Structures are given as structure tokens and as C-alpha cells.
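Step one of this worksheet: look at the structure below.
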Amino acid sequence: MRLIRFRLRTGRSALGTPLVLAMLIVFPGCGNGEIQPEPSQSAGTPEPNSTSSKPPRSDGGSPAEPGRSAAPNGPTATAGLVRTDADGRTWIDDIPLDVWYDDPLLVFSSNSQATPANGPAAPFATGAGQPMPRPAAGETPAASAPADPPAAGQPSVDWQELISAEVLDAEAKALRNQLTAALQTVATYNNGFQAIQWDGATLCALAGVAIEHPEPLSWKDKAPYVRDLAQKIEEAAQERGRTAFQETQAPFEQLVSVFSGNVPAGIEPPEATVPFVESASRGGLMRRMQAAQDWLTKNINSADRLTSSEHKDRILHEASVLAALTKVISAEGYDAADEPDYAREADEIVKHSVNARSAAQAGSYDAFRDAVDRIGTHCNNCHTNFRD
């Protein structure tokens with residue numbers, strides 16, 4: 001009896017496995033040589049070994065054996081079995097040739113889907129051409145992981161690590177005192193209106209930090225009002241003169257009332273949170289950052305000064321303010337904040353500001369000096385490449 005290999009294309013499943021089983025029953029045994037397979041034109045497809053007792057691999061593929069020949073493309077039939085109709089379609093007896101797989105025995109023995117020549121990839125194909133095993137009867141195929149998982153959200157800033165609520169409150173109080181002195185008269189305003197801008201920007205940023213800070217503050221619930229009024233002070237103090245002085249003084253008087261716990265009538269309710277870039281100008285913040293760096297560099301120039309009770313609190317204060325404000329100006333929206341070099345320089349300044357504070361707490365002058373020098377290096381790098 002002859003063994004005929006059939007070829008069934010994807011999408012014609014009605015003539016699939018039942019037909020293969022029927023043909024295995026009708027034509028048992030090996031061929032007598034009247035029908036010989038042609039060499040395969042597609043490399044890498046294993047020749048089914050009907051005499052092998054090896055089971056299929058656990059991954060659904062056929063067992064790999066060295067020296068096996070490629071699978072045949074299809075049957076080469078005698079003239080009595082093969083005919084071509086008027087449309088050029090080839091038939092074997094009463095069945096068209098193009099509905100059969102290249103090798104149904106391979107499909108049956110491997111228990112996996114074969115990919116027909118010029119057909120679509122098998123639905124379970126995975127990896128480097130390796131078929132995925134079909135699920136067992138009654139088993140639900142495992143869902144594949146998404147190719148691109150959603151990007152993780154940006155981590156929140158650990159403000160408590162950068163600046164304590166105590167330092168935050170002390171800096172806000174110092175800024176209020178400076179503004180009080182500068183806004184006594186038109187003359188004091190004219191002499192320091194630019195510094196008023198910088199103080200307003202710094203207070204605005206600190207209020208934004210206070211909103212997100214986990215520690216309690218006496219004015220924490222009023223921080224959005226502080227932020228908005230500080231922004232008005234910064235925006236008003238743009239030039240000399242009585243008009244500018246009065247426009248700056250008005251929001252400052254309201255600010256003083258808010259810090260006292262009283263929100264003046266007529267103030268619009270503020271938004272709970274506002275991006276730093278929309279409230280505090282980077283130029284004003286950098287003035288305060290520069291002042292902190294200069295004080296640490298020039299005033300703490302010996303081990304005795306580092307460990308003296310006279311300077312200890314101020315060192316911790318200035319290093320904390322520098323760390324927090326540097327983190328603010330690296331927030332999304334500020335010019336160049338999305339550039340890797342800018343972000344890297346800012347991160348280094350934050351890190352070494354915290355290191356300088358830790359070294360001062362430990363009484364290590366060498367470590368403190370190293371941290372402060374590194375702050376200066378990264379500040380210079382940033383000023384060279386990114387100027388406001």
C-alpha cells in the first residue's frame with residue numbers, strides 16, 4: 001500500500017485531522033516507492049520520523065535529531081492520481097491539492113500548529129520560531145504579558161529628607177522679616193526691590209514644599225494662600241516708584257494676616273496645588289541658592305567653625321535650603337529641566353548638600369569640605385551650560 005502525504009492550508013480545518021486519521025487507516029504501512037517525496041525548499045523544518053518511539057517535546061515541537069532531512073513540500077503523484085483542471089488548479093482524485101498541508105503526519109505527531117507555506121503565522125507561535133504547545137482540553141490559554149507595561153509614575157519627593165519642617169518654618173519667618181524691613185517706606189522699597197522679588201519667589205517655593213511636606217506646620221493649611229500672595233509680591237516688585245511699592249505692599253499685608261491665621265476677606269480661594277514653575281521664578285530661587293552656597297564656602301573654613309555651637313544651626317539650615325530649592329528648580333516645566341545633563345547636575349547638588357549637612361552633624365570637616373567643593377563644581381557646570 002502507498003503512504004500519501006497530504007497538504008492542508010490554514011482555514012480549511014474541515015479537512016484537517018479527521019482526514020489525516022482516515023488516510024492513516026486506509027493507507028497503513030510504508031510506501032512501495034511509487035510515490036517519492038521531493039526535497040524540501042524550506043530549511044529548518046524537521047522530517048517526521050514515523051518509526052521513532054520518542055514522544056513530542058514538552059514545548060510542543062518535534063524531537064530534534066541530528067542528520068534528519070527536511071520535510072517534503074508535497075506529494076509527487078503519478079498521472080493516474082493527479083490532474084489539472086481548466087483553471088489550472090491541481091487535484092488528487094476529487095480533492096484539490098491546495099487544501100492539504102505539506103506534511104499532515106508532522107501536524108499530527110507534534111500536536112502543534114504548523115504554518116502553511118505562504119500562510120499566516122500560527123496563533124501560538126512564540127520565540128525564535130519555536131511553537132507554543134496547545135492548551136490541554138478544558139484548559140484556558142495563559143494570557144501573555146503586555147509588550148509595553150505602563151510606565152511607573154514618578155516617585156514623590158521626600159521633602160522630609162531634604163528639609164525639616166523646623167528649617168522650613170525658620171526660613172519662611174526670616175523671609176517675612178526681610179520683607180517687613182524692605183517695605184517700610186518707598187525709599188526702603190526702592191533700595192531693595194530686586195531682593196523683594198527674590199524673597200517672594202523663595203517664599204512661594206517654600207509654601208509649595210510645605211503643601212507636600214509630611215510634617216506639620218502651624219501654617220500648613222494656609223500654605224496655598226501663602227504661595228499665591230508671595231507670587232503677587234514677586235510680580236509686583238518689578239520697578240522703583242510709589243505705585244510699584246503700593247502694589248507690592250498690599251499682598252504683603254494680606255500675607256502677614258494669613259501667617260497670623262486670618263484670611264482677609266475678598267481673597268480668592270487658591271488651588272490646592274500648583275506646579276512650581278507656574279508660581280516661583282527660577283532666577284529668584286537661584287539667588288537664594290547662591291547665597292547658601294557662598295555662606296557655607298566662605299564662613300565654614302575650619303574644623304573649629306564646623307563644630308562651634310555658633311555656626312552649627314546655620315550650617316544645617318543653609319545646606320537644607322540649598323537641597324530643597326535645587327530640587328524645586330529641577331521640577332518639571334522649568335527651562336532645561338527635562339535635559340539629562342541639567343537633571344544630573346541638579347541631583348548632584350542635592351546629594352552633596354545633604355552630604356554636607358550630614359558631615360556637619362558628624363563633625364567631619366574633611367567630608368564637609370569635600371561636599372561643599374563638589375557643590376561648587378556642579379553649580380559651575382550648570383551655570384556654564386544652562387544660564388537663566
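Labeling convention for the C-alpha cells: chains A, B, ... as they appear, residues from 1 per chain, ligands from 1 in order of appearance.
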Write out as a PyMOL selection string the residues lying within 12 Å of Trp159 in chain A, counting only C-alpha atoms and excluding same-chain residues fewer than 2 positions away. chain A and resi 155-157+161-165+167-168+206+208-215+320-321+323-328+350+354
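Backbone DSSP over range 118-361 of chain A yields strand (DSSP E) at Ala125, Thr126, Gln130 and Pro131 of chain A.
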Would you compute the distance between CA of Asp366 in chain A and CA of Arg344 in chain A? Give it in Å to one decimal. 24.2 Å
Skip range 179-188 of chain A itself and residues of its chain fewer than 5 positions away, then list as a list in words all residues within 8 Å of it, counting only C-alpha atoms.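 Non-adjacent residues within range: Phe193, Ile196, Asp199, Gly241, Arg242, Phe245, Gln249 and Phe252 of chain A.
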Which residues are near range 376-387 of chain A? Cut-off 12 Å, only C-alpha atoms, ignore same chain within fewer than 2 positions. Put them as a CSV table (one decimal) with C-alpha atoms, in the first residue's frame.
```csv
chain,number,residue,atom,x,y,z
A,282,ARG,CA,13.9,80.1,38.9
A,283,GLY,CA,16.0,83.3,38.8
A,286,MET,CA,18.9,80.6,42.3
A,289,MET,CA,20.7,79.1,46.4
A,290,GLN,CA,23.8,81.1,45.6
A,292,ALA,CA,23.5,79.5,50.8
A,293,GLN,CA,26.5,78.1,48.8
A,294,ASP,CA,28.5,81.3,49.4
A,295,TRP,CA,27.9,81.2,53.2
A,296,LEU,CA,28.9,77.6,53.5
A,297,THR,CA,32.0,78.1,51.4
A,298,LYS,CA,33.3,81.3,53.0
A,322,LEU,CA,20.1,74.6,49.2
A,326,THR,CA,17.7,72.8,44.0
A,329,ILE,CA,14.2,74.1,40.1
A,330,SER,CA,14.7,70.6,38.7
A,334,TYR,CA,11.5,74.7,34.3
A,335,ASP,CA,13.6,75.5,31.3
A,336,ALA,CA,16.0,72.6,30.6
A,337,ALA,CA,14.7,70.5,33.5
A,339,GLU,CA,17.5,67.6,29.8
A,340,PRO,CA,19.6,64.8,31.2
A,341,ASP,CA,22.7,66.9,31.9
A,342,TYR,CA,20.7,69.5,33.8
A,343,ALA,CA,18.9,66.9,35.8
A,344,ARG,CA,22.2,65.2,36.6
A,345,GLU,CA,23.8,68.4,37.8
A,346,ALA,CA,20.8,69.3,40.0
A,347,ASP,CA,20.7,65.8,41.5
A,348,GLU,CA,24.4,66.1,42.4
A,349,ILE,CA,23.9,69.4,44.1
A,350,VAL,CA,21.0,68.0,46.1
A,351,LYS,CA,23.1,64.9,47.1
A,352,HIS,CA,26.1,66.9,48.2
A,353,SER,CA,24.0,69.4,50.1
A,369,ARG,CA,34.7,70.4,52.8
A,370,ASP,CA,34.6,67.7,50.1
A,371,ALA,CA,30.8,68.0,49.8
A,372,VAL,CA,30.9,71.8,49.6
A,373,ASP,CA,33.6,71.7,47.0
A,374,ARG,CA,31.5,69.3,44.9
```
